[in-house]
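Worksheet for the structure shown next.
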Number of protein chains: 2
Amino acid sequence: MGKGGLGSRRGGIGARSLDELCINTIRMLSVDAVEKANSGHPGLPMEAADLAYVLWNKFLRHNPSNPCWPNRDRFILSAGHGSMLLYGLLYLTGYDLPLREIKRFRQWKSLTPGHPEYVLTSGVEMTTGLLGQGFATGVGMAIAAEYLAHYFSRPDFNLLDHNIYGIVSDGDLMEGLSYEAASLAGHFNLGRIIYIYLDNRISIDGPTALTFTEDIRRRFEAQNWHVQNVDGYQLEDIARAVEQAKEERKKPSLIIARTHIGYGSPNKQDSADAHGAPLGKEEVRLTKKNLGWPEDKCFYVPRAVLRQLRRSKKRGERPEAEWNSVFERYSKEYPDMAQLWEQMMKGSFPDTWKDALPEFLPADSPMSTRYASGEVLSFIAPKIFSLIGGSADLGTSIKTYIPSLGDFDKDRGGRNIHFGVREHVMGAIFNGLALSKLIPFGGTFLIFSDYMKPAIRMAAMMGLRVIYVFSHDSIGVGEDGPTHQPVEQLVDLRSIPNLTVIRPADANETVHAWRMALENAAGPTALILTRQRLPIIDRKRYAEARGLGRGGYIVADPEEGPPEIVIIGTGSELHPALDAHEALKAEGIRSRVVSLASWEIFMSQSKAYRDHVLPPRIKARLAIEAGSPLGWRSFVGLEGEIISMESFGHSAPQDVLFEKFGFSTGNVVTKAKELLDKQDK
Amino acid sequence: MGKGGLGSRRGGIGARSLDELCINTIRMLSVDAVEKANSGHPGLPMEAADLAYVLWNKFLRHNPSNPCWPNRDRFILSAGHGSMLLYGLLYLTGYDLPLREIKRFRQWKSLTPGHPEYVLTSGVEMTTGLLGQGFATGVGMAIAAEYLAHYFSRPDFNLLDHNIYGIVSDGDLMEGLSYEAASLAGHFNLGRIIYIYLDNRISIDGPTALTFTEDIRRRFEAQNWHVQNVDGYQLEDIARAVEQAKEERKKPSLIIARTHIGYGSPNKQDSADAHGAPLGKEEVRLTKKNLGWPEDKCFYVPRAVLRQLRRSKKRGERPEAEWNSVFERYSKEYPDMAQLWEQMMKGSFPDTWKDALPEFLPADSPMSTRYASGEVLSFIAPKIFSLIGGSADLGTSIKTYIPSLGDFDKDRGGRNIHFGVREHVMGAIFNGLALSKLIPFGGTFLIFSDYMKPAIRMAAMMGLRVIYVFSHDSIGVGEDGPTHQPVEQLVDLRSIPNLTVIRPADANETVHAWRMALENAAGPTALILTRQRLPIIDRKRYAEARGLGRGGYIVADPEEGPPEIVIIGTGSELHPALDAHEALKAEGIRSRVVSLASWEIFMSQSKAYRDHVLPPRIKARLAIEAGSPLGWRSFVGLEGEIISMESFGHSAPQDVLFEKFGFSTGNVVTKAKELLDKQDK
C-alpha cells in the first residue's frame, strides 16, 4: 500500500493504486465542496484522508445501512471543522447521504452543516466542533460500553466489544478538557479508546511551536495511555499501529500521526492558509494537477472508488447479522436481560419506578432539597438500570452518591462514577453516556456549573437526556462566600435553549422535579437544589406539589376574593413568600403565591393557564429569588418588583445573608406593600 | 530544624524548637478559628503549616507594612479553602489583620471570609477558592513580571526579580485549567513560578486513588517543569527544595510535598473528615494534646512565636527600602521610565491615546466591528504601554494581533501573547496581568467565552480592568453553524455582576466602546463584535456615536412629532432597526431607534435620562437582538415585542440566517406594525 513521496507528481489516474484513488477522492470531494460553499475547512480532510481511509476501510466495524446498530464501532471527528472528511466517508461508504447533499455543503437545511450534527446526519455519532468535546465525550462512550458489556455480555455472548475511534487535533489537545478526559480514560483503563492525533504542527495563528511545545508522548504516558508514532501517509504503518492499539485492552491509545495540513496543495500545504478557507480556484486546479486528479472535474468519484468503498455496506451487514443472531439466541437464554436491553435501546425503562415515590411530611422538616433529591435517587436508581451517575468530588455533599450501587472502576458494573475535581469532562462524559442510551445524572455545586457549561450546551443541542444535580444554589452556601455563591448561574442555565431548569422549593417539589427530569427525553434537565435545610410545605394547607408539573402553579391564594398581589418565588425563596402571604393575610391583604420552579415548562403551557396563574390584570407582582434579576421582568413586567441579587454574595452564616440581602419575610411584606401603594397612586 | 515522627507525642511546650512552636501556632489558630466559626476547612492549614512556615519565614520577600510594594514576592493560596492558613500568616507576620478578625472568621463583614478575597484583606494577592484559578493566575503574574522587568530593569537596576509562590492542591491539579496553565508556563520558561503541591492523597469523596492516578512528576516534566519531591514535614528538605527551585530560572518549579491532611489530629488526620468541617470540640482537645499544645487555650499565640514571626516586618522593610533607593537612583538616570512606572502603578496612562482616535465614514462601509476594533487597537496600543494581550489562537480573526508589537516569548518585551487553544487559562492569565497593574486585552470568538467563564467571573469579582474582545457574536458566524453561533452568551455575560458588556453597532460605536473599556478601571469590560461586515452609520443624518457613553441613546427620531413606537437594537441588529425606521417613515409611522449597546451603563444612568430615551408612556417597544430574549423585558415590558433567538442557530450563509430567523428589515417593519395595531385595540 506504499505511496510516492509527499506531493510528488505521478502518472495518470489509471496508474495509481486503488487505495490512492480512494484517498484522493475523499480529499478532493472535500476540496470541491468547500470551494463550492465558498467557506469551510479543506486543510484537515486533505491532511487526514489517508488515516481516515485506513480506519474506515480496514477497521471500522459499522453498517451504513443501520447506523444505529448497537455494537458498531464509534467514530468521532473531534476536530469537527473537518466535517467534509466525515461527509465524504459517509457518502462513499453508503450511508444515507447522497452526493447532492455534499454539493449543498453548509447551506440552509442541508444534511452537511459546517460542523457535524448529531441526529441531522445519519452516521454522525455526535455533534462536534467545540474543541475537546469529542475527545472527552468518547470517554463517556467507552465507559458506557464497559458498563453495558458488564451487565449484558455473557460467556459466549459478547454483545458489546466495539471500539471508540477518534480523530483529534492540536486544538483538542490544548484544551484543558482533553487533559481531564485523558486522565480519567487512563485511570479507568479504557482500552477501547483509539484516538489518532493529527500532528500537523500548524495552528490558526501560526506554527504550534508558538505555544504548544509540551511532550505529547510523555504527557499521555503520564496519564496511562499507550502511545505510538506514525507517518500519516504510510498506510501499512498506520494499519499496524491501529492493530496494536486494538490489542492493547488495558490502556487507551493515542496514535500520533505526523501529518501535513492541506496535503497535496502545492502552495498551501503546511500553512494555516489551508485551515479555514477555500483553497481558491487556481490552487484547486494546481492541487488536482499535483495529485494527478482530473483538473476539469468537480465532485469526481471514480467508479472503482465507489465500488471499493461501498463494499462497506455489504461488509457491515455481516457482523450486524451475526450479532442479531447472537442476540436472538441470547434472548432465549436470558429473556429478562434481552427485554431490558430492548427497552433501554428505545430510551424507556420500567414504569414501576413511579410506584410509591417518596412523599415527605411537614414533620420531616427541615430538609434541604439536595437531601430530598438523594432520597428520591436512592429510591429510583435501583429500579432504573440505565441511571448511572456521579459527581466531581462532591457526591457525598450533593447526595448523588449511592453506596449500594457500587463504584465504577475495575468493577465495570459500578454505577457511581468518581470524576474527581473535573467538572468539564464530567459534563462531556454525561453526553457520551446519554449517546449510548444510558441516563446519566449527577453534578456538583451550582457555582461550578460554570466549569462545565460548554458540555451542558452540547447536551442541549444534541437533545440528550442528562439530569444535572446542582446543589448549593445561592447565598445559602453561607460562609464559603462569594466565590462559591451562585448569583448568575440560574439565569445562565435558563438561557440555554432546550435545557429545562427546575428549582424545587421543598422536598415534595423535589420528588416531582425528578419525575419531570426522567420523563424529559428531549433534552437535559438541571435540578437546582439547596444546601440549607428548608421547611416542608404543608400540602394540606397549600396546593399539592404535583402542580410543579406545569412549571409554575398557585401554591396559596386568598381565602376569599381575588388576590391583590402575586408573589412569585422559586426554591428556598418560596418560603419567605409563603410566610409573607400569611403576614399580609393577617393585615387583610389578599396575596397569591406562585411557585415558578421551571420557567421553560411554565412558558410551554397554554396562554390560558399562564394567564390563570399570573392574571394580566394584576400588575402588582413581586418576584423573589436569590439570584440575578435578569429575566424576571418576563413575569413581573415593568410595574412589578424583584427581590434578587444585584451583586456578588458575602461570606457569613446563611441566615445572616438572607436577612442582609433582603430575602426575609419582613422585606417581602414591606416590598409587597410598597408595590400595592404604588398601584393605588 | 528536624522534627519528630508524624503525629508523635512530644514533651511540653518549652522543650520544642521555636520552629515547631511557630508551626503549631499557625496550625492551631486555624483549628480554633474554624471551630469558633463552626464552619471552614481545618485540614489544609494543619497539613501545610510546616511548608508555609518555611516559605514565609525563610523565603518570601515581602513587607507586611506595605503589601503593595511592587517587587514583593507573590504568594497565592490556590487552594483557597485553606484560607485560615493565610490569615494566620498575615496576622503573625504583622499585616494589618488583627487577631480579633481571626476570631471573626467567616462572619458578616469580617476581614477573614471563607475564601481569601482580594482588596478586602491586605496581603491577599488574589481571590481564590475556585480550584485551578490560583494556579493559572500565577502564570499571568509571572508573565507580567517578565514583561515589566524587560522594559524597566536596566544593568544595575534590577527592579523586578520577585518570584511567584503558590500552594496548590490535588483539586487544582485535576482541573483542566491547571494543565493549560502548566503547558504555557513551561512553554514560556517562567522560572519565577514555584508551586508547592500538597500531595495528601485525600479528596472529598475519598482517597485520590479513586480517580487521580496519573504520574504527576511525568506530567509536569512533559510540560517542561522542574519537579522535586519532598516530605512536607522535613523543614530542611523543604528549604533545600525551594532553594533549588529558585535557582532554576528556565523552568517553572513544582515541589511535590507528601503531606497529611489534618496533620496532628489523632482521629481525623489522613481522612476527608478533616477537609471541610470543624474537628469538633473533643477532637480539638485531642489534637492539642497530641501536639503538646495547651488544651485549655484558644487562639493561643506564644510570645516567642509572635516575636519570631513579626521579624518579617523588620526584615521586609529592608529590601523595600533598598529597592526604594535603587528606584530613586533609577528615576534620576531614567526619568521617563520612572514616570511611566509610577503612572502605571497608579493604574493610569498618558492621556494622549485619546487624541485623534480614528473616525470612520460611511464611505468606509461595509466594515465589521471586529475589524474596526483592530483598527482602534492598533492605534492606541502603541500609546498605552500597559496594554498587553492576545488570543486563544484566533488573533488574526478577532483582530487583536498587532504585528508591530512583537510576540511575548523568548522576547519578554513582546506584547502579543499566543495562548493557543486555551481559553480558560487565557482568562486567568488576564487576571494575573491585571493584578500586576497591566491592562490585558484579548479574547476569542464569543461562543468560546463559555470555556473561560469562571475566569471572567473572577475578574469581575476582583474588580480588575480586563478588556475582553469577543467577536463572531451571533448567527452572523454563518456557515460554521450552531456549535459556533452564540445565542445565550450575551445574556450570560450581562448576568455577571460588575462586568460591563458593550455591543457596538458600527465602527464608530466601536471606537467609543474601546474608550469606555479603557476608562472603566473598576472592573472588566467585554466588547462584543461582529464577524460580518456592517454599514457605517451616517452620523450626519443620525445621532453621534458618542451617545454610546451613556450605554443607550437615541439614534433616530421622527422628524416631527413624538414617536409612536421605540425600536431598540444592539450591534448588527441596529441596522435593520434603522432601515425599518426609514421604511416606517415612508408609511407615515413615527418611530424612534435606540442603540442599547450596554445595559449596565444604561441602567447606571439617571432615571430621567432612561425615561427620556425610553419614555414610560410609549408601550409599543420592539427589541431586536440576535441572541437570547432573556432580560429584554426589562426594556420592552410585557406589552412590547422581542425579535430574538429562541433556539440554536443553523449552518448557512449569514444573510440567509438573518432572513430566516427574522432579523430582516421586513420583519422588523411587520412586527412594529403588529405592535402598533395591538396598541390601538
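Naming works like this for the C-alpha cells: A, B, ... for the chains as they're shown, residue 1 at the start of each chain, ligands 1 onward in shown order.
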
**OP:** Excluding Ile164 of chain A and residues on its chain fewer than 4 positions from it, collect all residues at most 8 Å away from it, counting only C-alpha atoms, and give them as number ranges by chain.
**Re:** A: 73-76, 138, 141-142, 192-195

Expected answer as a PDB file with N, CA and C atoms, in the first residue's frame: chain B residues within 6 Å of chain A, only C-alpha atoms:
```pdb
ATOM      1  N   ARG B 106     -15.124  34.107  58.872  1.00  0.00           N
ATOM      2  CA  ARG B 106     -16.340  33.714  58.151  1.00  0.00           C
ATOM      3  C   ARG B 106     -17.605  34.393  58.645  1.00  0.00           C
ATOM      4  N   GLN B 107     -17.433  35.584  59.284  1.00  0.00           N
ATOM      5  CA  GLN B 107     -18.629  36.298  59.727  1.00  0.00           C
ATOM      6  C   GLN B 107     -18.892  37.502  58.839  1.00  0.00           C
ATOM      7  N   TRP B 108     -20.097  38.012  58.912  1.00  0.00           N
ATOM      8  CA  TRP B 108     -20.535  39.151  58.109  1.00  0.00           C
ATOM      9  C   TRP B 108     -19.555  40.308  58.242  1.00  0.00           C
ATOM     10  N   PRO B 113     -12.965  36.245  55.340  1.00  0.00           N
ATOM     11  CA  PRO B 113     -14.050  35.456  54.743  1.00  0.00           C
ATOM     12  C   PRO B 113     -13.636  34.010  54.481  1.00  0.00           C
ATOM     13  N   GLY B 114     -14.596  33.211  54.107  1.00  0.00           N
ATOM     14  CA  GLY B 114     -14.362  31.782  53.899  1.00  0.00           C
ATOM     15  C   GLY B 114     -13.232  31.480  52.925  1.00  0.00           C
ATOM     16  N   GLY B 171      -7.082  19.143  43.929  1.00  0.00           N
ATOM     17  CA  GLY B 171      -8.202  19.709  43.182  1.00  0.00           C
ATOM     18  C   GLY B 171      -7.712  20.656  42.095  1.00  0.00           C
ATOM     19  N   MET B 174      -6.332  18.617  39.250  1.00  0.00           N
ATOM     20  CA  MET B 174      -7.282  17.830  38.465  1.00  0.00           C
ATOM     21  C   MET B 174      -8.009  18.694  37.450  1.00  0.00           C
ATOM     22  N   GLU B 175      -8.262  19.936  37.788  1.00  0.00           N
ATOM     23  CA  GLU B 175      -8.958  20.845  36.873  1.00  0.00           C
ATOM     24  C   GLU B 175      -8.163  21.007  35.576  1.00  0.00           C
ATOM     25  N   GLY B 176      -8.832  20.925  34.456  1.00  0.00           N
ATOM     26  CA  GLY B 176      -8.186  21.098  33.163  1.00  0.00           C
ATOM     27  C   GLY B 176      -7.425  22.415  33.063  1.00  0.00           C
ATOM     28  N   LEU B 177      -7.938  23.408  33.755  1.00  0.00           N
ATOM     29  CA  LEU B 177      -7.296  24.718  33.750  1.00  0.00           C
ATOM     30  C   LEU B 177      -5.826  24.649  34.138  1.00  0.00           C
ATOM     31  N   TYR B 179      -3.714  22.244  33.703  1.00  0.00           N
ATOM     32  CA  TYR B 179      -2.883  21.676  32.636  1.00  0.00           C
ATOM     33  C   TYR B 179      -2.604  22.744  31.584  1.00  0.00           C
ATOM     34  N   GLU B 180      -3.659  23.471  31.243  1.00  0.00           N
ATOM     35  CA  GLU B 180      -3.461  24.558  30.272  1.00  0.00           C
ATOM     36  C   GLU B 180      -2.407  25.526  30.801  1.00  0.00           C
ATOM     37  N   ILE B 204     -12.412  14.907  48.659  1.00  0.00           N
ATOM     38  CA  ILE B 204     -13.622  14.957  49.490  1.00  0.00           C
ATOM     39  C   ILE B 204     -14.343  13.617  49.501  1.00  0.00           C
ATOM     40  N   ASP B 205     -14.433  13.003  48.338  1.00  0.00           N
ATOM     41  CA  ASP B 205     -15.184  11.749  48.257  1.00  0.00           C
ATOM     42  C   ASP B 205     -14.359  10.506  48.598  1.00  0.00           C
ATOM     43  N   THR B 211      -9.593   8.312  41.657  1.00  0.00           N
ATOM     44  CA  THR B 211      -9.763   8.974  40.359  1.00  0.00           C
ATOM     45  C   THR B 211      -8.512   9.668  39.826  1.00  0.00           C
ATOM     46  N   GLU B 214      -2.716   9.625  37.790  1.00  0.00           N
ATOM     47  CA  GLU B 214      -1.691   9.970  36.805  1.00  0.00           C
ATOM     48  C   GLU B 214      -0.357  10.233  37.501  1.00  0.00           C
ATOM     49  N   ASP B 215       0.693  10.166  36.711  1.00  0.00           N
ATOM     50  CA  ASP B 215       2.035  10.366  37.230  1.00  0.00           C
ATOM     51  C   ASP B 215       2.353  11.864  37.191  1.00  0.00           C
ATOM     52  N   ARG B 218       5.858  13.048  35.907  1.00  0.00           N
ATOM     53  CA  ARG B 218       5.977  12.881  34.461  1.00  0.00           C
ATOM     54  C   ARG B 218       5.137  13.903  33.701  1.00  0.00           C
ATOM     55  N   ARG B 219       3.975  14.122  34.211  1.00  0.00           N
ATOM     56  CA  ARG B 219       3.065  15.085  33.580  1.00  0.00           C
ATOM     57  C   ARG B 219       3.687  16.480  33.532  1.00  0.00           C
ATOM     58  N   ALA B 222       6.681  16.606  31.298  1.00  0.00           N
ATOM     59  CA  ALA B 222       6.263  16.670  29.891  1.00  0.00           C
ATOM     60  C   ALA B 222       5.963  18.106  29.481  1.00  0.00           C
ATOM     61  N   GLN B 223       5.624  18.914  30.485  1.00  0.00           N
ATOM     62  CA  GLN B 223       5.284  20.314  30.200  1.00  0.00           C
ATOM     63  C   GLN B 223       6.432  21.266  30.548  1.00  0.00           C
ATOM     64  N   ASP B 393      -5.594  31.501  19.894  1.00  0.00           N
ATOM     65  CA  ASP B 393      -5.385  31.036  18.530  1.00  0.00           C
ATOM     66  C   ASP B 393      -6.381  31.612  17.532  1.00  0.00           C
ATOM     67  N   GLY B 420      -2.588  29.808  22.490  1.00  0.00           N
ATOM     68  CA  GLY B 420      -3.024  28.523  21.957  1.00  0.00           C
ATOM     69  C   GLY B 420      -4.530  28.376  22.158  1.00  0.00           C
ATOM     70  N   VAL B 421      -5.041  27.193  21.869  1.00  0.00           N
ATOM     71  CA  VAL B 421      -6.485  26.977  22.020  1.00  0.00           C
ATOM     72  C   VAL B 421      -6.776  26.671  23.485  1.00  0.00           C
ATOM     73  N   ARG B 422      -6.607  27.680  24.310  1.00  0.00           N
ATOM     74  CA  ARG B 422      -6.718  27.518  25.759  1.00  0.00           C
ATOM     75  C   ARG B 422      -7.407  28.753  26.323  1.00  0.00           C
ATOM     76  N   ASP B 450     -17.696  30.779  26.812  1.00  0.00           N
ATOM     77  CA  ASP B 450     -18.161  29.721  27.725  1.00  0.00           C
ATOM     78  C   ASP B 450     -16.994  28.982  28.382  1.00  0.00           C
ATOM     79  N   PRO B 454     -15.442  30.967  34.200  1.00  0.00           N
ATOM     80  CA  PRO B 454     -15.050  31.119  35.608  1.00  0.00           C
ATOM     81  C   PRO B 454     -13.984  32.206  35.801  1.00  0.00           C
ATOM     82  N   GLU B 479     -21.891  29.958   8.222  1.00  0.00           N
ATOM     83  CA  GLU B 479     -21.805  28.540   7.855  1.00  0.00           C
ATOM     84  C   GLU B 479     -21.232  27.643   8.932  1.00  0.00           C
ATOM     85  N   ASP B 480     -20.475  28.166   9.862  1.00  0.00           N
ATOM     86  CA  ASP B 480     -19.909  27.292  10.892  1.00  0.00           C
ATOM     87  C   ASP B 480     -20.990  26.658  11.764  1.00  0.00           C
ATOM     88  N   GLY B 481     -22.159  27.241  11.754  1.00  0.00           N
ATOM     89  CA  GLY B 481     -23.311  26.577  12.345  1.00  0.00           C
ATOM     90  C   GLY B 481     -23.478  26.720  13.839  1.00  0.00           C
ATOM     91  N   GLU B 488     -26.983  32.366  23.799  1.00  0.00           N
ATOM     92  CA  GLU B 488     -27.196  32.783  25.184  1.00  0.00           C
ATOM     93  C   GLU B 488     -25.984  33.493  25.784  1.00  0.00           C
ATOM     94  N   ASP B 492     -25.570  35.777  29.214  1.00  0.00           N
ATOM     95  CA  ASP B 492     -24.726  35.186  30.257  1.00  0.00           C
ATOM     96  C   ASP B 492     -23.686  36.198  30.743  1.00  0.00           C
ATOM     97  N   SER B 495     -25.185  38.893  32.787  1.00  0.00           N
ATOM     98  CA  SER B 495     -25.657  38.464  34.109  1.00  0.00           C
ATOM     99  C   SER B 495     -24.540  38.492  35.158  1.00  0.00           C
ATOM    100  N   ILE B 496     -23.303  38.666  34.743  1.00  0.00           N
ATOM    101  CA  ILE B 496     -22.203  38.658  35.711  1.00  0.00           C
ATOM    102  C   ILE B 496     -22.108  40.029  36.382  1.00  0.00           C
ATOM    103  N   PRO B 497     -22.251  40.074  37.704  1.00  0.00           N
ATOM    104  CA  PRO B 497     -22.150  41.372  38.375  1.00  0.00           C
ATOM    105  C   PRO B 497     -20.789  42.019  38.092  1.00  0.00           C
ATOM    106  N   LEU B 630     -33.835  36.614  26.844  1.00  0.00           N
ATOM    107  CA  LEU B 630     -33.833  36.794  28.301  1.00  0.00           C
ATOM    108  C   LEU B 630     -33.299  38.165  28.692  1.00  0.00           C
ATOM    109  N   GLY B 631     -34.055  38.838  29.503  1.00  0.00           N
ATOM    110  CA  GLY B 631     -33.631  40.131  30.014  1.00  0.00           C
ATOM    111  C   GLY B 631     -34.230  41.307  29.262  1.00  0.00           C
ATOM    112  N   ARG B 633     -37.218  41.989  28.503  1.00  0.00           N
ATOM    113  CA  ARG B 633     -38.483  42.533  29.033  1.00  0.00           C
ATOM    114  C   ARG B 633     -38.230  43.715  29.973  1.00  0.00           C
ATOM    115  N   SER B 634     -36.997  43.820  30.466  1.00  0.00           N
ATOM    116  CA  SER B 634     -36.657  44.977  31.300  1.00  0.00           C
ATOM    117  C   SER B 634     -36.768  46.276  30.513  1.00  0.00           C
ATOM    118  N   GLY B 637     -40.945  45.683  28.414  1.00  0.00           N
ATOM    119  CA  GLY B 637     -42.109  45.361  29.237  1.00  0.00           C
ATOM    120  C   GLY B 637     -42.887  44.187  28.686  1.00  0.00           C
ATOM    121  N   LEU B 638     -44.012  43.899  29.326  1.00  0.00           N
ATOM    122  CA  LEU B 638     -44.812  42.752  28.884  1.00  0.00           C
ATOM    123  C   LEU B 638     -45.593  43.067  27.628  1.00  0.00           C
ATOM    124  N   SER B 647     -33.882  29.569  19.758  1.00  0.00           N
ATOM    125  CA  SER B 647     -33.323  28.223  19.588  1.00  0.00           C
ATOM    126  C   SER B 647     -31.855  28.367  19.217  1.00  0.00           C
ATOM    127  N   SER B 651     -26.449  26.107  10.255  1.00  0.00           N
ATOM    128  CA  SER B 651     -25.331  26.329   9.339  1.00  0.00           C
ATOM    129  C   SER B 651     -25.862  26.801   7.997  1.00  0.00           C
ATOM    130  N   ALA B 652     -25.504  27.999   7.628  1.00  0.00           N
ATOM    131  CA  ALA B 652     -25.885  28.557   6.325  1.00  0.00           C
ATOM    132  C   ALA B 652     -25.213  29.912   6.204  1.00  0.00           C
TER     133      ALA B 652
END
```

**OP:** From the DSSP assignment of the backbone, select every residue of segment 372-430 of chain A that is helix (DSSP H, G or I), and format the answer as a PyMOL selection string.
**Re:** chain A and resi 372-383+395-398+403-405+423-430

Subject >> Selection near segment 567-584 of chain B, 6 Å with only C-alpha atoms, sequence-local residues under 2 positions removed, as a ChimeraX atom specification >> reply: /B:503-505,586-587,589,591,593-597,621-625,664-665,669

Keeping only N, CA and C atoms, take the residues you just selected and write them out as an mmCIF file, in the first residue's frame.
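Result written to part.cif:
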```cif
data_model
loop_
_atom_site.group_PDB
_atom_site.id
_atom_site.type_symbol
_atom_site.label_atom_id
_atom_site.label_comp_id
_atom_site.auth_asym_id
_atom_site.auth_seq_id
_atom_site.Cartn_x
_atom_site.Cartn_y
_atom_site.Cartn_z
ATOM 1 N N ARG B 503 -21.948 46.133 23.141
ATOM 2 C CA ARG B 503 -22.091 45.559 21.787
ATOM 3 C C ARG B 503 -22.311 46.686 20.787
ATOM 4 N N PRO B 504 -21.230 47.220 20.268
ATOM 5 C CA PRO B 504 -21.362 48.368 19.374
ATOM 6 C C PRO B 504 -21.975 47.985 18.037
ATOM 7 N N ALA B 505 -22.626 48.969 17.425
ATOM 8 C CA ALA B 505 -23.391 48.706 16.209
ATOM 9 C C ALA B 505 -22.625 49.011 14.940
ATOM 10 N N ALA B 586 -41.626 56.217 5.650
ATOM 11 C CA ALA B 586 -42.223 56.314 4.321
ATOM 12 C C ALA B 586 -43.718 56.012 4.367
ATOM 13 N N GLU B 587 -44.111 55.232 5.381
ATOM 14 C CA GLU B 587 -45.537 54.913 5.520
ATOM 15 C C GLU B 587 -46.216 55.830 6.527
ATOM 16 N N ILE B 589 -45.323 56.360 9.655
ATOM 17 C CA ILE B 589 -45.287 55.901 11.052
ATOM 18 C C ILE B 589 -44.045 56.477 11.718
ATOM 19 N N SER B 591 -41.252 56.470 14.281
ATOM 20 C CA SER B 591 -40.539 55.559 15.187
ATOM 21 C C SER B 591 -39.267 56.206 15.715
ATOM 22 N N VAL B 593 -35.407 55.078 17.126
ATOM 23 C CA VAL B 593 -34.475 53.949 17.189
ATOM 24 C C VAL B 593 -33.453 54.210 18.282
ATOM 25 N N VAL B 594 -33.296 53.228 19.152
ATOM 26 C CA VAL B 594 -32.352 53.342 20.272
ATOM 27 C C VAL B 594 -31.267 52.286 20.128
ATOM 28 N N SER B 595 -30.026 52.717 20.265
ATOM 29 C CA SER B 595 -28.925 51.756 20.357
ATOM 30 C C SER B 595 -28.696 51.488 21.831
ATOM 31 N N LEU B 596 -28.887 50.241 22.234
ATOM 32 C CA LEU B 596 -28.762 49.921 23.663
ATOM 33 C C LEU B 596 -27.550 49.004 23.856
ATOM 34 N N ALA B 597 -26.408 49.520 23.459
ATOM 35 C CA ALA B 597 -25.195 48.706 23.386
ATOM 36 C C ALA B 597 -24.737 48.177 24.731
ATOM 37 N N ARG B 621 -42.907 48.948 22.169
ATOM 38 C CA ARG B 621 -41.452 48.876 22.126
ATOM 39 C C ARG B 621 -41.050 47.551 21.507
ATOM 40 N N LEU B 622 -40.161 47.646 20.594
ATOM 41 C CA LEU B 622 -39.735 46.446 19.878
ATOM 42 C C LEU B 622 -38.224 46.324 20.001
ATOM 43 N N ALA B 623 -37.781 45.225 20.593
ATOM 44 C CA ALA B 623 -36.331 44.997 20.707
ATOM 45 C C ALA B 623 -35.903 44.010 19.643
ATOM 46 N N ILE B 624 -34.734 44.224 19.125
ATOM 47 C CA ILE B 624 -34.204 43.281 18.136
ATOM 48 C C ILE B 624 -32.744 43.002 18.459
ATOM 49 N N GLU B 625 -32.498 41.734 18.708
ATOM 50 C CA GLU B 625 -31.121 41.313 19.012
ATOM 51 C C GLU B 625 -30.992 39.835 18.673
ATOM 52 N N SER B 664 -34.692 40.607 9.588
ATOM 53 C CA SER B 664 -34.685 41.393 8.362
ATOM 54 C C SER B 664 -35.465 42.676 8.594
ATOM 55 N N THR B 665 -35.182 43.656 7.787
ATOM 56 C CA THR B 665 -35.917 44.917 7.879
ATOM 57 C C THR B 665 -37.408 44.658 7.729
ATOM 58 N N VAL B 669 -40.337 45.737 10.344
ATOM 59 C CA VAL B 669 -41.473 46.589 9.967
ATOM 60 C C VAL B 669 -42.795 45.898 10.308
#
```

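Counting only C-alpha atoms and comparing A:Ser436, A:Ser474, A:Ser122, A:Asn508, the residue that lies closest to Leu160 of chain A is A:Ser436.
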
I'd like the neighbourhood of Gly406 of chain A as a PDB file with N, CA and C atoms, in the first residue's frame, where a residue qualifies if any of its atoms comes within 6 Å (using only C-alpha atoms), though same-chain residues fewer than 3 positions away should be ignored.
```
ATOM      1  N   PRO A 403     -24.198   4.391  47.873  1.00  0.00           N
ATOM      2  CA  PRO A 403     -23.246   3.323  48.177  1.00  0.00           C
ATOM      3  C   PRO A 403     -23.676   1.949  47.671  1.00  0.00           C
ATOM      4  N   GLY A 414     -20.172  -0.976  38.525  1.00  0.00           N
ATOM      5  CA  GLY A 414     -20.472   0.079  39.492  1.00  0.00           C
ATOM      6  C   GLY A 414     -21.188   1.235  38.822  1.00  0.00           C
ATOM      7  N   ARG A 415     -22.102   1.827  39.541  1.00  0.00           N
ATOM      8  CA  ARG A 415     -22.926   2.868  38.924  1.00  0.00           C
ATOM      9  C   ARG A 415     -22.649   4.263  39.464  1.00  0.00           C
TER      10      ARG A 415
END
```

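Taking atom CA of Val227 of chain A and atom CA of Ala257 of chain A as the two end points, the separation is 10.6 Å.
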
**OP:** Show which residues sit within 12 Å of segment 284-288 of chain A, as a PyMOL selection string. Count only C-alpha atoms, and ignore same-chain residues fewer than 3 positions away.
**Re:** chain A and resi 7-10+12-13+24-25+27-36+42+46+262-269+274+278-281+291-300

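Between atom CA of Val230 of chain A and atom CA of Glu20 of chain A lies a distance of 18.2 Å.
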
Subject >> Expected answer as a VMD selection string: strand (DSSP E) residues in segment 254-338 of chain A >> reply: chain A and resid 254 to 258

Original post:
What is the atom CA of Pro64 of chain B-atom CA of Val124 of chain B distance in Å, reported with one decimal?
Top reply: 11.1 Å

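Distance check against Gly549 of chain A using only C-alpha atoms: of A:Phe441, A:Phe602, A:Trp341, A:Tyr609, the minimum falls on A:Phe602.
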
**OP:** Identify, on the basis of only C-alpha atoms, every residue whose closest approach to Ala145 of chain A does not exceed 12 Å; exclude the query and any residue fewer than 3 positions from it along the same chain; express the result as a PyMOL selection string.
**Re:** chain A and resi 70-74+138-142+148-153+158-164+190-193+412-413+432-438

Original post:
Can you list, as number ranges by chain, every protein, DNA or RNA residue that comes within 12 Å of Tyr371 of chain A when you count only C-alpha atoms, leaving out same-chain residues fewer than 2 positions away?
Top reply: A: 360, 364-369, 373-378, 395-401, 469-472, 506-508, 510-511, 529-534
